[in-house]
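> Dumping the structure here so I can ask a few things about it.
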Amino acid sequence: MLGASTGSFHLLLTLVLSLFLGIVYSTEHSFLRWKQTPILAVTCILAVRAIIVQWGFFGHFNIGNLNDGLPAQLSFSMCFMGIYSIVIALLKDAPDIVGDMRSNVQTLSVKFGVQSVTRICVLMLVFDYASGAWVGWNYYAGLRRLVLSCGHLLSAAVISIKYCHTNVRSSQSIFSLYMFVWKMFYCEYVLFAFL
């Protein structure tokens, strides 16, 4: 209702597409419930978080002209959130490996083990943040350079420290890491303001 009242095509389309994908992700029907299939879960989360939301908010706030192709800021945010979305999709299954095994849901955590999946996810995040620091340092100047490069390096350090204090044999500890990753995901939007 609120989205429709803004009259923003970008915002309304973002809300409708996100709602649709949220329904196919979670609804209890045999041809839906995409979150039970790893590739569909990753696709759904990636589509919403990395593409639809980035494009929709960018267009809604008229940050740049989308008719001339993807502006650099939007390309960066899509790539950054693309990697982050894959991590979230992979890491979400790690805390409940016992339930997935009982239900015969073949997540990557079930197939390859929680420790391997968690390590890969953290390495992907460190790479993601290092890329953000590199972009900040090489494409910006002054305060923006400082905030983007230092902010991303600090985030990589914080995620690494949290991982080092995570017991991969404890579902509660893995869940705590997963929720922390979500908090860091939303913190990234503060850094995006400096793009």
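In the structure tokens, each chain is lettered A, B, ... as it comes, each chain's residues begin at 1, and ligands are numbered from 1 in order of appearance.
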Using only C-alpha atoms, which protein or nucleic acid residues come within 8 Å of A:Ala130? Drop anything in the same chain fewer than 5 positions from it, and give the result as a list in words.
His152, Leu153 and Ala156 of chain A
> Got a sec: who's within 10 Å of A:Tyr140, counting only C-alpha atoms, leaving out chain neighbours fewer than 6 positions off, as a list in words?
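The residues satisfying every condition are Trp134, Leu146, Val147, Leu148, Ser149, Phe194 and Leu195 of chain A.
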> In Å to one decimal, how far is atom CA of A:Gln54 from atom CA of A:Leu125?
18.4 Å
> Among stretch 79-188 of chain A, which ones does DSSP place in alpha helix (DSSP H), written as a ChimeraX atom specification?
/A:79-91,97-102,108-112,114-139,142-164,171-188
> At a cut-off of 12 Å, using only C-alpha atoms, what residues contact stretch 80-85 of chain A? Leave out same-chain residues fewer than 4 positions from it and give the result as an NGL selection string.
:A and (41-55 or 73-76 or 89-92 or 120-133 or 135 or 152 or 178 or 181-189 or 191-192)
> Excluding same-chain residues fewer than 5 positions from A:Ala94, what lies within 8 Å of it counting only C-alpha atoms, as a list in words?
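Using only C-alpha atoms, the neighbours found are Ser109, Val114, Val117, Thr118, Ser171, Ile174 and Phe175 of chain A.
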> How far is it from atom CA of A:Leu13 to atom CA of A:Thr27, in Å with one decimal?
20.8 Å
